[in-house]
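This is entry.txt. It holds compact mmCIF, C-alpha atoms.
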```
# COMPACT_ATOMS: atom_id res chain seq x y z
CA MET Q 1 0.00 0.00 0.00
CA SER Q 2 2.99 2.32 -0.01
CA GLY Q 3 3.17 5.15 -2.50
CA ARG Q 4 -0.53 6.14 -2.21
CA TYR Q 5 -1.31 9.82 -2.42
CA PHE Q 6 -4.42 11.47 -1.03
CA ASP Q 7 -5.55 14.57 -2.88
CA ALA Q 8 -7.42 15.45 0.30
CA PRO Q 9 -6.63 16.37 3.88
CA VAL Q 10 -5.61 13.70 6.38
CA ILE Q 11 -5.56 13.81 10.16
CA GLY Q 12 -2.31 13.45 12.08
CA LEU Q 13 -2.41 12.41 15.75
CA ASP Q 14 0.65 12.49 18.01
CA LEU Q 15 0.11 10.46 21.18
CA GLY Q 16 2.52 11.05 24.03
CA GLY Q 17 2.43 10.22 27.69
CA THR Q 18 1.24 13.71 28.63
CA LYS Q 19 -0.72 15.09 25.68
CA ILE Q 20 -2.31 14.28 22.35
CA ALA Q 21 -1.69 16.72 19.50
CA ALA Q 22 -4.09 16.58 16.55
CA ALA Q 23 -3.84 18.33 13.21
CA LEU Q 24 -5.69 18.41 9.92
CA VAL Q 25 -2.98 18.35 7.25
CA GLY Q 26 -3.57 19.30 3.63
CA ALA Q 27 -2.23 17.32 0.68
CA ASP Q 28 0.57 19.89 0.35
CA GLY Q 29 1.65 19.42 3.98
CA THR Q 30 0.02 22.59 5.29
CA VAL Q 31 -1.47 22.36 8.78
CA LEU Q 32 -5.09 23.48 8.41
CA ALA Q 33 -6.30 23.01 11.99
CA ARG Q 34 -4.81 22.07 15.37
CA HIS Q 35 -6.10 20.76 18.68
CA THR Q 36 -4.44 19.53 21.87
CA LEU Q 37 -5.86 17.51 24.74
CA ALA Q 38 -4.47 15.67 27.73
CA THR Q 39 -3.60 11.99 27.48
CA PRO Q 40 -5.63 9.97 30.01
CA ALA Q 41 -2.51 7.92 30.63
CA THR Q 42 -3.66 6.34 33.89
CA GLU Q 43 -7.16 5.40 32.71
CA GLY Q 44 -6.39 2.50 30.38
CA ALA Q 45 -6.33 1.82 26.65
CA ARG Q 46 -10.04 2.40 26.03
CA ALA Q 47 -9.83 5.89 27.49
CA VAL Q 48 -6.75 6.68 25.37
CA LEU Q 49 -8.48 5.46 22.19
CA ASP Q 50 -11.52 7.57 23.08
CA ALA Q 51 -9.25 10.60 23.54
CA LEU Q 52 -7.55 9.97 20.19
CA ALA Q 53 -10.96 9.81 18.52
CA ALA Q 54 -11.94 13.06 20.26
CA GLY Q 55 -8.78 14.72 18.95
CA ALA Q 56 -9.53 13.52 15.42
CA ARG Q 57 -13.09 14.86 15.60
CA ALA Q 58 -11.83 18.23 16.85
CA VAL Q 59 -9.86 18.84 13.62
CA TRP Q 60 -12.01 16.83 11.19
CA ALA Q 61 -13.29 18.51 8.04
CA PRO Q 62 -15.43 17.14 5.19
CA GLY Q 63 -13.29 15.12 2.82
CA ALA Q 64 -10.70 14.04 5.41
CA ALA Q 65 -9.38 10.80 3.92
CA ALA Q 66 -7.51 8.96 6.68
CA ILE Q 67 -5.85 9.16 10.08
CA GLY Q 68 -2.18 8.67 10.83
CA VAL Q 69 -1.25 7.99 14.45
CA ALA Q 70 2.24 8.49 15.83
CA ALA Q 71 2.04 6.75 19.20
CA ALA Q 72 4.20 6.04 22.20
CA GLY Q 73 5.30 2.41 22.54
CA VAL Q 74 6.57 -0.28 20.19
CA ILE Q 75 4.12 -0.24 17.29
CA ASP Q 76 3.71 -2.85 14.55
CA PRO Q 77 2.39 -0.92 11.53
CA ALA Q 78 1.43 -4.12 9.69
CA THR Q 79 -1.01 -5.26 12.37
CA GLY Q 80 -1.77 -1.87 13.84
CA THR Q 81 -1.06 -3.07 17.37
CA VAL Q 82 1.05 -1.89 20.30
CA THR Q 83 3.41 -4.82 20.76
CA SER Q 84 5.18 -3.46 23.84
CA ALA Q 85 5.03 -0.38 26.04
CA THR Q 86 6.22 1.01 29.34
CA ASP Q 87 3.83 1.94 32.11
CA THR Q 88 3.83 5.59 31.04
CA ILE Q 89 0.42 4.78 29.49
CA ARG Q 90 -1.31 2.20 31.66
CA GLY Q 91 -2.40 -0.97 29.86
CA TRP Q 92 -1.13 0.25 26.48
CA ALA Q 93 0.80 -2.91 25.52
CA GLY Q 94 -1.34 -5.22 23.38
CA THR Q 95 -3.79 -2.52 22.31
CA ALA Q 96 -5.33 -2.87 18.85
CA LEU Q 97 -4.59 0.77 18.07
CA ALA Q 98 -5.58 0.94 14.40
CA ALA Q 99 -8.68 -1.23 14.83
CA GLY Q 100 -9.85 0.67 17.88
CA LEU Q 101 -9.47 4.08 16.29
CA ALA Q 102 -10.92 3.04 12.92
CA THR Q 103 -13.97 1.68 14.71
CA ARG Q 104 -14.42 4.91 16.65
CA THR Q 105 -13.95 7.31 13.72
CA GLY Q 106 -15.02 5.44 10.59
CA LEU Q 107 -11.77 6.43 8.87
CA PRO Q 108 -8.86 4.20 7.78
CA VAL Q 109 -5.89 4.37 10.15
CA ALA Q 110 -2.13 3.95 9.74
CA CYS Q 111 0.11 3.93 12.79
CA ASP Q 112 3.73 3.82 13.90
CA ASN Q 113 5.93 4.81 16.83
CA ASP Q 114 5.76 8.54 17.48
CA VAL Q 115 9.47 9.25 17.29
CA ARG Q 116 9.92 7.27 14.08
CA ALA Q 117 7.13 9.28 12.50
CA ALA Q 118 8.77 12.57 13.49
CA ALA Q 119 12.19 11.35 12.35
CA ALA Q 120 10.83 10.68 8.86
CA THR Q 121 10.35 14.42 8.43
CA GLU Q 122 14.13 14.90 8.86
CA LEU Q 123 15.29 12.76 5.95
CA ALA Q 124 15.30 15.45 3.25
CA GLY Q 125 18.80 16.35 2.17
CA LEU Q 126 20.55 13.37 3.75
CA GLY Q 127 21.20 11.68 0.44
CA GLU Q 128 20.93 8.02 -0.55
CA ASP Q 129 23.52 6.84 1.96
CA GLY Q 130 22.66 9.27 4.75
CA ILE Q 131 22.32 8.05 8.33
CA LEU Q 132 20.22 9.86 10.91
CA ILE Q 133 19.99 9.45 14.70
CA TYR Q 134 16.89 11.09 16.14
CA ALA Q 135 16.29 11.40 19.89
CA ALA Q 136 13.13 12.69 21.54
CA VAL Q 137 13.53 13.57 25.21
CA GLY Q 138 10.27 14.35 26.97
CA THR Q 139 8.03 12.37 29.30
CA GLY Q 140 10.13 9.42 28.18
CA VAL Q 141 13.20 9.05 25.96
CA GLY Q 142 12.48 7.77 22.48
CA GLY Q 143 14.48 7.61 19.31
CA ALA Q 144 14.78 6.51 15.73
CA VAL Q 145 17.52 5.53 13.32
CA ALA Q 146 17.30 6.06 9.57
CA ALA Q 147 19.56 4.78 6.82
CA ALA Q 148 19.43 4.91 3.02
CA GLY Q 149 16.39 7.17 3.03
CA ARG Q 150 14.14 5.20 5.37
CA VAL Q 151 13.48 4.92 9.05
CA LEU Q 152 14.38 1.48 10.38
CA HIS Q 153 11.81 -0.63 12.20
CA GLY Q 154 14.04 -3.59 13.11
CA ALA Q 155 13.07 -6.88 14.70
CA ALA Q 156 9.68 -6.66 16.45
CA GLY Q 157 9.50 -2.96 15.54
CA ILE Q 158 11.89 -2.02 18.31
CA ALA Q 159 14.62 -0.17 16.38
CA GLY Q 160 15.46 3.23 17.81
CA HIS Q 161 14.32 2.87 21.42
CA LEU Q 162 17.27 4.87 22.72
CA GLY Q 163 15.79 5.43 26.15
CA HIS Q 164 16.54 1.85 27.08
CA LEU Q 165 20.27 1.99 26.47
CA PRO Q 166 22.27 1.29 29.65
CA SER Q 167 23.41 4.54 31.26
CA PRO Q 168 26.05 4.80 34.01
CA GLU Q 169 24.33 7.91 35.33
CA ALA Q 170 21.16 5.86 35.92
CA ASP Q 171 22.86 2.98 37.71
CA GLY Q 172 20.38 1.31 40.07
CA LEU Q 173 17.45 3.54 39.12
CA PRO Q 174 14.23 1.79 38.01
CA CYS Q 175 13.17 2.38 34.42
CA THR Q 176 9.58 2.54 33.20
CA CYS Q 177 10.20 -0.64 31.19
CA GLY Q 178 10.79 -2.64 34.38
CA ALA Q 179 14.60 -2.85 34.13
CA THR Q 180 17.10 -0.67 35.96
CA GLY Q 181 19.88 1.65 34.87
CA HIS Q 182 18.43 2.77 31.55
CA LEU Q 183 18.88 6.25 30.08
CA GLU Q 184 15.20 7.13 30.48
CA ALA Q 185 15.49 6.68 34.26
CA ILE Q 186 17.78 9.72 34.56
CA ALA Q 187 17.22 11.74 31.37
CA ALA Q 188 13.45 12.01 30.84
CA GLY Q 189 11.61 15.04 32.18
CA PRO Q 190 10.00 13.25 35.16
CA ALA Q 191 13.33 11.53 35.87
CA ILE Q 192 15.21 14.84 36.07
CA THR Q 193 12.47 16.21 38.34
CA ALA Q 194 12.72 13.14 40.59
CA HIS Q 195 16.50 13.39 40.72
CA TYR Q 196 16.24 17.03 41.76
CA ALA Q 197 14.24 15.87 44.79
CA ARG Q 198 16.79 13.13 45.56
CA LEU Q 199 19.54 15.74 45.58
CA GLY Q 200 17.67 17.70 48.24
CA GLY Q 201 15.72 20.16 46.15
CA GLU Q 202 12.33 21.45 47.27
CA ARG Q 203 9.28 19.70 45.87
CA ALA Q 204 8.72 20.41 42.16
CA ASP Q 205 5.71 19.31 40.16
CA ARG Q 206 7.34 19.42 36.73
CA LEU Q 207 10.60 19.91 34.88
CA GLN Q 208 9.86 23.53 33.98
CA THR Q 209 9.80 24.38 37.68
CA VAL Q 210 13.22 22.77 38.09
CA ALA Q 211 14.51 24.72 35.08
CA GLU Q 212 13.23 28.00 36.54
CA ARG Q 213 15.00 27.26 39.82
CA ALA Q 214 18.21 26.42 37.98
CA ALA Q 215 18.00 29.78 36.20
CA ARG Q 216 17.85 31.42 39.65
CA GLY Q 217 20.98 29.57 40.75
CA ASP Q 218 19.55 26.58 42.64
CA PRO Q 219 22.53 24.16 42.70
CA HIS Q 220 20.35 21.03 43.05
CA ALA Q 221 18.30 22.03 40.01
CA THR Q 222 21.44 22.77 38.02
CA ARG Q 223 22.95 19.37 38.91
CA ALA Q 224 19.79 17.45 38.04
CA ILE Q 225 19.39 19.11 34.64
CA THR Q 226 23.04 18.85 33.65
CA LEU Q 227 23.25 15.21 34.72
CA GLY Q 228 20.26 14.29 32.55
CA ALA Q 229 21.75 16.26 29.68
CA ARG Q 230 25.17 14.65 30.05
CA ALA Q 231 23.67 11.17 30.16
CA THR Q 232 21.81 11.83 26.92
CA GLY Q 233 24.86 13.39 25.26
CA ARG Q 234 27.10 10.46 26.21
CA ALA Q 235 24.61 7.91 24.92
CA LEU Q 236 24.18 9.74 21.63
CA GLY Q 237 27.93 10.19 21.24
CA GLY Q 238 28.47 6.46 21.67
CA LEU Q 239 25.78 5.70 19.11
CA ALA Q 240 27.37 8.17 16.72
CA ASN Q 241 30.67 6.30 16.96
CA ALA Q 242 28.85 3.04 16.18
CA LEU Q 243 26.67 4.29 13.32
CA GLY Q 244 28.57 7.19 11.75
CA PRO Q 245 25.54 9.46 11.29
CA HIS Q 246 25.41 12.47 9.02
CA ARG Q 247 22.90 14.18 11.30
CA VAL Q 248 21.92 13.85 14.96
CA VAL Q 249 18.64 15.49 15.96
CA VAL Q 250 17.53 16.09 19.55
CA ALA Q 251 13.85 16.93 19.96
CA GLY Q 252 11.26 16.91 22.73
CA GLY Q 253 10.22 19.16 25.56
CA VAL Q 254 13.29 18.52 27.73
CA SER Q 255 15.59 19.70 24.96
CA ARG Q 256 13.83 23.08 25.05
CA VAL Q 257 14.34 23.93 28.73
CA GLY Q 258 17.27 26.23 28.00
CA ALA Q 259 20.95 26.74 27.30
CA LEU Q 260 22.06 24.97 30.50
CA TYR Q 261 20.65 21.69 29.18
CA ARG Q 262 21.74 22.17 25.56
CA ASP Q 263 25.30 23.13 26.44
CA ALA Q 264 25.77 20.19 28.82
CA LEU Q 265 24.36 17.72 26.28
CA CYS Q 266 26.52 19.06 23.46
CA ALA Q 267 29.69 19.00 25.56
CA ALA Q 268 29.09 15.40 26.65
CA PHE Q 269 28.25 14.35 23.10
CA THR Q 270 31.38 15.93 21.64
CA ALA Q 271 33.61 14.42 24.31
CA GLU Q 272 32.57 10.90 23.26
CA LEU Q 273 33.23 11.31 19.53
CA MET Q 274 36.04 9.63 17.67
CA PRO Q 275 38.25 12.07 15.69
CA PRO Q 276 36.55 11.65 12.28
CA LEU Q 277 33.25 12.82 13.80
CA ARG Q 278 34.53 15.74 15.87
CA ALA Q 279 32.69 18.32 13.74
CA LEU Q 280 29.31 16.63 14.31
CA ARG Q 281 26.87 18.46 16.60
CA PRO Q 282 23.31 17.67 17.70
CA VAL Q 283 20.72 19.94 16.08
CA PRO Q 284 17.03 20.70 16.76
CA PRO Q 285 14.41 19.24 14.41
CA HIS Q 286 13.65 21.01 11.12
CA GLY Q 287 9.92 20.54 11.55
CA GLY Q 288 9.62 22.46 14.79
CA ALA Q 289 6.54 21.93 16.90
CA ASP Q 290 4.57 20.41 14.00
CA ALA Q 291 7.08 17.64 13.23
CA ALA Q 292 5.20 14.91 15.09
CA VAL Q 293 1.76 15.59 13.61
CA LEU Q 294 3.19 16.06 10.12
CA GLY Q 295 5.05 12.77 10.48
CA ALA Q 296 1.86 11.11 11.70
CA ALA Q 297 -0.12 12.41 8.73
CA ALA Q 298 2.58 11.16 6.34
CA LEU Q 299 2.11 7.60 7.66
CA THR Q 300 -1.16 7.42 5.73
CA ARG Q 301 0.86 7.58 2.50
CA THR Q 302 3.55 5.02 3.32
CA LEU Q 303 2.17 2.40 5.72
CA PRO Q 304 -0.72 -0.08 5.63
CA LEU Q 305 -4.17 1.40 6.21
CA HIS Q 306 -6.50 -0.44 8.56
CA ARG Q 307 -10.04 0.21 7.38
CA PRO Q 308 -13.13 0.28 9.56
CA GLU Q 309 -14.97 -2.33 7.54
CA THR Q 310 -12.19 -4.90 8.03
CA THR Q 311 -11.27 -4.25 11.65
CA GLY Q 312 -12.59 -5.95 14.74
CA VAL Q 313 -14.14 -4.35 17.77
CA ALA Q 314 -12.18 -1.93 19.88
CA PRO Q 315 -10.34 -3.36 22.87
```

Before anything else, please render the file you have as structure tokens.
Amino acid sequence: MSGRYFDAPVIGLDLGGTKIAAALVGADGTVLARHTLATPATEGARAVLDALAAGARAVWAPGAAAIGVAAAGVIDPATGTVTSATDTIRGWAGTALAAGLATRTGLPVACDNDVRAAAATELAGLGEDGILIYAAVGTGVGGAVAAAGRVLHGAAGIAGHLGHLPSPEADGLPCTCGATGHLEAIAAGPAITAHYARLGGERADRLQTVAERAARGDPHATRAITLGARATGRALGGLANALGPHRVVVAGGVSRVGALYRDALCAAFTAELMPPLRALRPVPPHGGADAAVLGAAALTRTLPLHRPETTGVAP
């Protein structure tokens, strides 16, 4: 089914652990409408599918041809299911994502991992042999790897899950996947906030609060943010040595907290690089805030569509 082209708008949905972003995207890639709502991450898969359907309805317009969903978790585009997931979204593993959403909306649905979908928008200009490493640091730590013009899915659809690389900075810390010592346990937004408290900082409800305190000179906040940044930079630098990328992109809400974070990540990344890569630097995504929803919409043109009339009941 690859290579299809809709001469009509499609809906792009970006599902993260905190929020759902929805957009109506024209055939030329223009965002025609936007809507954002909270992810009911603790309420189970049915509630999340209902919220996705609500987001789609909020931006729907007559003639909308399909829905593309860029979702957290390990996604199998061929079956439209969530094959594995952390507990960031309760009960998400095993969800029939495409079937559930097609049933709720009456539109055909294509789906993939959220970070892979966003990474696909970064491939222009890389060339036939270009290699891309894409990291998204937010509620969790996700990633994607692309080579020869396509984003890799790998065995079981798990390629690119950078947040579950071992990280010395996270030694002994529990990860959302159930293991310990993974990058996500020290580098994700909630992980940095939790580490700030472990260092002795006053209670903070979110990363932005920690960042504001760091800007005012709070040493615990500064240490927590720079440690998360260094852990991410070291992991990406090691991957760069292994893969020889032409571009390394760092996206996500954590990457936007300020120069303190960016400078620490870049310094740690550069320190890991072998000499032939010393000029390589992490860069922000080209697509800006719309990258995820644009990537989601593009899935409808490249991945299998799961149609309402052939899908089963929602989970």

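Closest approach to Ala102 of chain Q from the set Q:Gly217, Q:Gly233, Q:Pro308, Q:Gly253 is made by Q:Pro308, with distances taken over all atoms listed in the file.
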
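Counting from atom CA of Arg307 of chain Q, the distance to atom CA of Val10 of chain Q is 14.2 Å.
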
Straight-line distance linking atom CA of Ile11 of chain Q with atom CA of Ala64 of chain Q, stated in Å to one decimal
7.0 Å

For Ala204 of chain Q: contacts at 10 Å, all atoms listed in the file, fewer than 5 positions along chain excluded, given as a PyMOL selection string
chain Q and resi 193-194+196-197+209-210+213+221

Identify, on the basis of all atoms listed in the file, every residue whose closest approach to Ala170 of chain Q does not exceed 12 Å; exclude the query and any residue fewer than 4 positions from it along the same chain; express the result as a ChimeraX atom specification.
/Q:163-166,174-175,179-188,191-192,195,224,227-228,230-232,235

Could the residues of segment 15-50 of chain Q that have an atom at most 12 Å from segment 274-289 of chain Q be listed as a Markdown table, each with its closest atom pair and the distance in Å to one decimal, counting all atoms listed in the file and ordered by chain and ascending residue number?
```
| residue | atom | partner | partner_atom | distance |
| --- | --- | --- | --- | --- |
| Q:Ala21 | CA | Q:Ala289 | CA | 10.1 |
| Q:Ala22 | CA | Q:Ala289 | CA | 11.9 |
| Q:Ala23 | CA | Q:Ala289 | CA | 11.6 |
| Q:Gly29 | CA | Q:Gly287 | CA | 11.3 |
| Q:Thr30 | CA | Q:Gly287 | CA | 11.9 |
| Q:Val31 | CA | Q:Ala289 | CA | 11.4 |
| Q:Arg34 | CA | Q:Ala289 | CA | 11.5 |
```

Is it possible to get the residues within 7 Å of (1.1, 0.5, 24.1) (coordinates as in the file, counting all atoms listed in the file) written as JSON, numbers by chain?
{"Q": [72, 73, 74, 82, 83, 84, 85, 89, 91, 92, 93, 94, 95]}

Can you work out the spacing between atom CA of Ala70 of chain Q and atom CA of Thr300 of chain Q in Å, to one decimal?
10.7 Å

Please list as a PyMOL selection string every residue within 8 Å of Asp14 of chain Q, counting all atoms listed in the file and excluding residues in the same chain fewer than 5 positions away.
chain Q and resi 20-22+69-71+114+292-293+296

Please determine, counting only C-alpha atoms, which residue among Q:Ile67, Q:Leu52, Q:Cys111, Q:Ala118 has the shortest atom-to-atom distance to Thr81 of chain Q.
Q:Cys111

Give me, as an MDAnalysis selection string, all polymer residues having an atom no more than 7 Å from Thr88 of chain Q, counting all atoms listed in the file and skipping those fewer than 3 positions away in the same chain.
chainID Q and resid 17 41 176

Residues from the last selection, C-alpha atoms, saved as a compact mmCIF listing (two decimals), in the coordinates of the input:
```txt
# COMPACT_ATOMS: atom_id res chain seq x y z
CA GLY Q 17 2.43 10.22 27.69
CA ALA Q 41 -2.51 7.92 30.63
CA THR Q 176 9.58 2.54 33.20
```

Taking into account only C-alpha atoms, which residue in the set Q:Pro62, Q:Gly157, Q:Gly142, Q:Gly244 is nearest to Gly80 of chain Q?
Q:Gly157

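Distances to Thr226 of chain Q were evaluated for Q:Gly258, Q:Gly238, Q:Gly68, Q:Gly143 using all atoms listed in the file, and the minimum falls at Q:Gly258.
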
Within 12 Å of Gly149 of chain Q, counting all atoms listed in the file, which residues qualify if same-chain residues fewer than 4 places away don't, as an MDAnalysis selection string?
chainID Q and resid 119:132 145

So, counting only C-alpha atoms, which residue among Q:Ala215, Q:Pro77, Q:Pro108, Q:Cys177 is closest to Ala156 of chain Q?
Q:Pro77

Using all atoms listed in the file, the residue out of Q:Ala54, Q:Val25, Q:Val249, Q:Ala61 with shortest distance to Ala135 of chain Q is Q:Val249

Would you mind writing segment 32-54 of chain Q with N, CA, C and O atoms, as a JSON list (two decimals), keeping the file's coordinate frame?
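Final file, selection_17.json:
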```json
[["chain", "number", "residue", "atom", "x", "y", "z"],
["Q", 32, "LEU", "N", -3.86, 22.72, 8.59],
["Q", 32, "LEU", "CA", -5.09, 23.48, 8.41],
["Q", 32, "LEU", "C", -5.84, 23.72, 9.72],
["Q", 32, "LEU", "O", -6.62, 24.67, 9.82],
["Q", 33, "ALA", "N", -5.63, 22.86, 10.69],
["Q", 33, "ALA", "CA", -6.30, 23.01, 11.99],
["Q", 33, "ALA", "C", -5.50, 22.24, 13.03],
["Q", 33, "ALA", "O", -4.85, 21.23, 12.70],
["Q", 34, "ARG", "N", -5.55, 22.71, 14.27],
["Q", 34, "ARG", "CA", -4.81, 22.07, 15.37],
["Q", 34, "ARG", "C", -5.71, 21.94, 16.59],
["Q", 34, "ARG", "O", -6.60, 22.76, 16.81],
["Q", 35, "HIS", "N", -5.41, 20.93, 17.40],
["Q", 35, "HIS", "CA", -6.10, 20.76, 18.68],
["Q", 35, "HIS", "C", -5.20, 19.96, 19.60],
["Q", 35, "HIS", "O", -4.47, 19.07, 19.14],
["Q", 36, "THR", "N", -5.24, 20.26, 20.88],
["Q", 36, "THR", "CA", -4.44, 19.53, 21.87],
["Q", 36, "THR", "C", -5.33, 19.15, 23.04],
["Q", 36, "THR", "O", -6.18, 19.94, 23.46],
["Q", 37, "LEU", "N", -5.14, 17.95, 23.55],
["Q", 37, "LEU", "CA", -5.86, 17.51, 24.74],
["Q", 37, "LEU", "C", -4.95, 16.62, 25.58],
["Q", 37, "LEU", "O", -3.95, 16.09, 25.07],
["Q", 38, "ALA", "N", -5.29, 16.47, 26.83],
["Q", 38, "ALA", "CA", -4.47, 15.67, 27.73],
["Q", 38, "ALA", "C", -4.63, 14.19, 27.44],
["Q", 38, "ALA", "O", -5.71, 13.72, 27.06],
["Q", 39, "THR", "N", -3.55, 13.44, 27.60],
["Q", 39, "THR", "CA", -3.60, 11.99, 27.48],
["Q", 39, "THR", "C", -4.10, 11.39, 28.80],
["Q", 39, "THR", "O", -3.48, 11.63, 29.84],
["Q", 40, "PRO", "N", -5.18, 10.62, 28.78],
["Q", 40, "PRO", "CA", -5.63, 9.97, 30.01],
["Q", 40, "PRO", "C", -4.78, 8.74, 30.31],
["Q", 40, "PRO", "O", -5.24, 7.60, 30.30],
["Q", 41, "ALA", "N", -3.51, 8.98, 30.59],
["Q", 41, "ALA", "CA", -2.51, 7.92, 30.63],
["Q", 41, "ALA", "C", -2.74, 6.90, 31.74],
["Q", 41, "ALA", "O", -2.25, 5.76, 31.64],
["Q", 42, "THR", "N", -3.45, 7.27, 32.77],
["Q", 42, "THR", "CA", -3.66, 6.34, 33.89],
["Q", 42, "THR", "C", -5.01, 5.63, 33.82],
["Q", 42, "THR", "O", -5.34, 4.85, 34.71],
["Q", 43, "GLU", "N", -5.79, 5.89, 32.76],
["Q", 43, "GLU", "CA", -7.16, 5.40, 32.71],
["Q", 43, "GLU", "C", -7.35, 4.18, 31.81],
["Q", 43, "GLU", "O", -8.48, 3.70, 31.66],
["Q", 44, "GLY", "N", -6.28, 3.70, 31.19],
["Q", 44, "GLY", "CA", -6.39, 2.50, 30.38],
["Q", 44, "GLY", "C", -6.52, 2.77, 28.90],
["Q", 44, "GLY", "O", -6.76, 3.90, 28.46],
["Q", 45, "ALA", "N", -6.38, 1.70, 28.11],
["Q", 45, "ALA", "CA", -6.33, 1.82, 26.65],
["Q", 45, "ALA", "C", -7.63, 2.35, 26.06],
["Q", 45, "ALA", "O", -7.60, 3.15, 25.12],
["Q", 46, "ARG", "N", -8.77, 1.92, 26.58],
["Q", 46, "ARG", "CA", -10.04, 2.40, 26.03],
["Q", 46, "ARG", "C", -10.14, 3.92, 26.14],
["Q", 46, "ARG", "O", -10.57, 4.60, 25.20],
["Q", 47, "ALA", "N", -9.76, 4.44, 27.29],
["Q", 47, "ALA", "CA", -9.83, 5.89, 27.49],
["Q", 47, "ALA", "C", -8.88, 6.62, 26.54],
["Q", 47, "ALA", "O", -9.21, 7.70, 26.02],
["Q", 48, "VAL", "N", -7.71, 6.05, 26.30],
["Q", 48, "VAL", "CA", -6.75, 6.68, 25.37],
["Q", 48, "VAL", "C", -7.30, 6.65, 23.95],
["Q", 48, "VAL", "O", -7.21, 7.65, 23.22],
["Q", 49, "LEU", "N", -7.88, 5.53, 23.53],
["Q", 49, "LEU", "CA", -8.48, 5.46, 22.19],
["Q", 49, "LEU", "C", -9.63, 6.45, 22.06],
["Q", 49, "LEU", "O", -9.80, 7.10, 21.02],
["Q", 50, "ASP", "N", -10.44, 6.58, 23.11],
["Q", 50, "ASP", "CA", -11.52, 7.57, 23.08],
["Q", 50, "ASP", "C", -10.96, 8.98, 22.93],
["Q", 50, "ASP", "O", -11.51, 9.81, 22.19],
["Q", 51, "ALA", "N", -9.86, 9.27, 23.63],
["Q", 51, "ALA", "CA", -9.25, 10.60, 23.54],
["Q", 51, "ALA", "C", -8.67, 10.85, 22.15],
["Q", 51, "ALA", "O", -8.78, 11.96, 21.61],
["Q", 52, "LEU", "N", -8.05, 9.82, 21.55],
["Q", 52, "LEU", "CA", -7.55, 9.97, 20.19],
["Q", 52, "LEU", "C", -8.69, 10.27, 19.23],
["Q", 52, "LEU", "O", -8.57, 11.14, 18.34],
["Q", 53, "ALA", "N", -9.80, 9.57, 19.39],
["Q", 53, "ALA", "CA", -10.96, 9.81, 18.52],
["Q", 53, "ALA", "C", -11.49, 11.23, 18.73],
["Q", 53, "ALA", "O", -11.87, 11.91, 17.77],
["Q", 54, "ALA", "N", -11.49, 11.70, 19.98],
["Q", 54, "ALA", "CA", -11.94, 13.06, 20.26],
["Q", 54, "ALA", "C", -11.03, 14.09, 19.59],
["Q", 54, "ALA", "O", -11.48, 15.09, 19.04]]
```
